[in-house]
file input-v6.cif (mmCIF, C-alpha atoms)
data_my_file
#
loop_
_atom_site.group_PDB
_atom_site.id
_atom_site.type_symbol
_atom_site.label_atom_id
_atom_site.label_comp_id
_atom_site.auth_asym_id
_atom_site.auth_seq_id
_atom_site.Cartn_x
_atom_site.Cartn_y
_atom_site.Cartn_z
ATOM 1 C CA MET S 1 114.472 -6.248 40.925
ATOM 2 C CA THR S 2 113.851 -8.228 44.118
ATOM 3 C CA THR S 3 110.119 -7.519 43.843
ATOM 4 C CA TRP S 4 110.075 -8.705 40.241
ATOM 5 C CA ALA S 5 111.969 -11.909 41.059
ATOM 6 C CA LEU S 6 110.048 -12.787 44.221
ATOM 7 C CA ARG S 7 106.528 -11.724 43.273
ATOM 8 C CA ASP S 8 106.291 -11.799 39.490
ATOM 9 C CA LEU S 9 108.571 -14.750 38.770
ATOM 10 C CA GLY S 10 107.791 -16.611 41.991
ATOM 11 C CA VAL S 11 111.446 -17.202 42.848
ATOM 12 C CA PRO S 12 111.371 -18.719 46.353
ATOM 13 C CA ARG S 13 114.807 -17.501 47.508
ATOM 14 C CA LEU S 14 117.408 -14.893 46.558
ATOM 15 C CA ARG S 15 121.019 -15.072 47.793
ATOM 16 C CA LEU S 16 123.788 -12.523 48.148
ATOM 17 C CA SER S 17 127.483 -13.010 48.861
ATOM 18 C CA ILE S 18 129.147 -9.947 50.369
ATOM 19 C CA GLU S 19 132.728 -9.572 51.526
ATOM 20 C CA PRO S 20 132.636 -9.144 55.323
ATOM 21 C CA TRP S 21 134.472 -5.795 55.228
ATOM 22 C CA ASN S 22 131.842 -4.292 52.896
ATOM 23 C CA THR S 23 129.566 -2.841 55.564
ATOM 24 C CA ALA S 24 127.798 -0.461 53.148
ATOM 25 C CA SER S 25 126.579 -3.338 50.969
ATOM 26 C CA ALA S 26 125.595 -5.362 54.030
ATOM 27 C CA ARG S 27 123.576 -2.426 55.380
ATOM 28 C CA ILE S 28 121.718 -1.987 52.081
ATOM 29 C CA ALA S 29 120.998 -5.723 51.869
ATOM 30 C CA GLU S 30 119.559 -5.720 55.385
ATOM 31 C CA ASP S 31 117.569 -2.529 54.719
ATOM 32 C CA ILE S 32 115.710 -4.214 51.861
ATOM 33 C CA GLY S 33 115.026 -7.374 53.841
ATOM 34 C CA PHE S 34 117.946 -9.725 53.284
ATOM 35 C CA ARG S 35 118.970 -11.604 56.402
ATOM 36 C CA ARG S 36 122.511 -12.636 57.212
ATOM 37 C CA GLU S 37 122.837 -16.405 57.350
ATOM 38 C CA GLY S 38 126.499 -16.788 58.147
ATOM 39 C CA LEU S 39 130.069 -16.665 56.915
ATOM 40 C CA ARG S 40 131.479 -19.038 54.318
ATOM 41 C CA ARG S 41 135.213 -19.215 54.679
ATOM 42 C CA GLY S 42 137.211 -19.213 51.448
ATOM 43 C CA ARG S 43 134.001 -19.001 49.415
ATOM 44 C CA GLN S 44 135.132 -16.827 46.496
ATOM 45 C CA GLN S 45 138.240 -16.777 44.363
ATOM 46 C CA VAL S 46 139.365 -13.163 43.888
ATOM 47 C CA GLY S 47 142.580 -12.798 41.925
ATOM 48 C CA ASP S 48 145.188 -15.053 43.499
ATOM 49 C CA GLU S 49 143.394 -15.628 46.792
ATOM 50 C CA ARG S 50 140.255 -17.171 48.239
ATOM 51 C CA ARG S 51 138.117 -14.799 50.281
ATOM 52 C CA ASP S 52 135.481 -15.227 52.945
ATOM 53 C CA MET S 53 131.934 -14.181 52.076
ATOM 54 C CA ALA S 54 129.039 -13.223 54.311
ATOM 55 C CA MET S 55 125.916 -14.955 53.051
ATOM 56 C CA TYR S 56 122.525 -13.218 52.952
ATOM 57 C CA ALA S 57 119.146 -14.490 51.803
ATOM 58 C CA LEU S 58 115.670 -13.157 51.146
ATOM 59 C CA LEU S 59 112.769 -15.585 50.995
ATOM 60 C CA ASN S 60 109.533 -15.034 49.148
ATOM 61 C CA SER S 61 107.769 -15.809 52.435
ATOM 62 C CA ASP S 62 109.701 -13.260 54.543
ATOM 63 C CA GLY S 63 107.528 -10.698 56.283
ATOM 64 C CA PRO S 64 107.610 -6.905 56.105
ATOM 65 C CA VAL S 65 110.755 -4.868 56.682
ATOM 66 C CA ASN S 66 110.329 -1.568 58.535
ATOM 67 C CA GLY S 67 106.562 -1.727 58.101
ATOM 68 C CA ARG S 68 106.588 -2.360 54.365
ATOM 69 C CA ALA S 69 106.275 -5.655 52.520
ATOM 70 C CA VAL S 70 109.441 -6.907 50.846
ATOM 71 C CA THR S 71 107.548 -7.867 47.708
ATOM 72 C CA ALA S 72 105.370 -4.752 47.537
ATOM 73 C CA CYS S 73 105.743 -2.410 44.570
#

call {"tool": "encode", "arguments": {"input": "input-v6.cif", "output": "C-alpha cells"}}
result
Amino acid sequence: MTTWALRDLGVPRLRLSIEPWNTASARIAEDIGFRREGLRRGRQQVGDERRDMAMYALLNSDGPVNGRAVTAC
C-alpha cells in the first residue's frame, strides 16, 4: 500500500502513530522505511485516557531501505 500511495498516487508523505510500548509495530514500520520523528505526549484519546504516540513518517523522496527502494514494486 505504501508503494501505491507514494509512487502511483504521488502522496508526498505518509505518517504513522504507534504507541511507544508497541515495539513489534515500530520494528515493522522501520523495516519498510518509516523513520521515527519523535514522541507526541497525550496525542491519542484511548478510552478514558490520553496516550503518548511515537510518530513515524515516510517521504516519497526517502532513499532505499536495506538496499531496496521504498517505492519499488

call {"tool": "resolve_selection", "arguments": {"input": "input-v6.cif", "expression": "the PyMOL selection byres ((chain S and resi 52) around 9)", "output": "count of residues only"}}
result
13

call {"tool": "resolve_selection", "arguments": {"input": "input-v6.cif", "expression": "the PyMOL selection byres ((chain S and resi 15) around 7)", "output": "ChimeraX atom specification"}}
result
/S:13-14,16-17,56-58

call {"tool": "closest_residue", "arguments": {"input": "input-v6.cif", "among": "S:Asp62, S:Glu30, S:Glu37, S:Glu49", "to": "Arg7 in chain S", "atoms": "all atoms listed in the file"}}
result
S:Asp62

call {"tool": "atom_distance", "arguments": {"input": "input-v6.cif", "atom1": "CA of Arg36 in chain S", "atom2": "CA of Thr3 in chain S"}}
result
18.9 Å

call {"tool": "atom_distance", "arguments": {"input": "input-v6.cif", "atom1": "CA of Val46 in chain S", "atom2": "CA of Thr23 in chain S"}}
result
18.4 Å

call {"tool": "closest_residue", "arguments": {"input": "input-v6.cif", "among": "S:Gly33, S:Arg27, S:Met55, S:Gly47", "to": "Thr2 in chain S", "atoms": "only C-alpha atoms"}}
result
S:Gly33
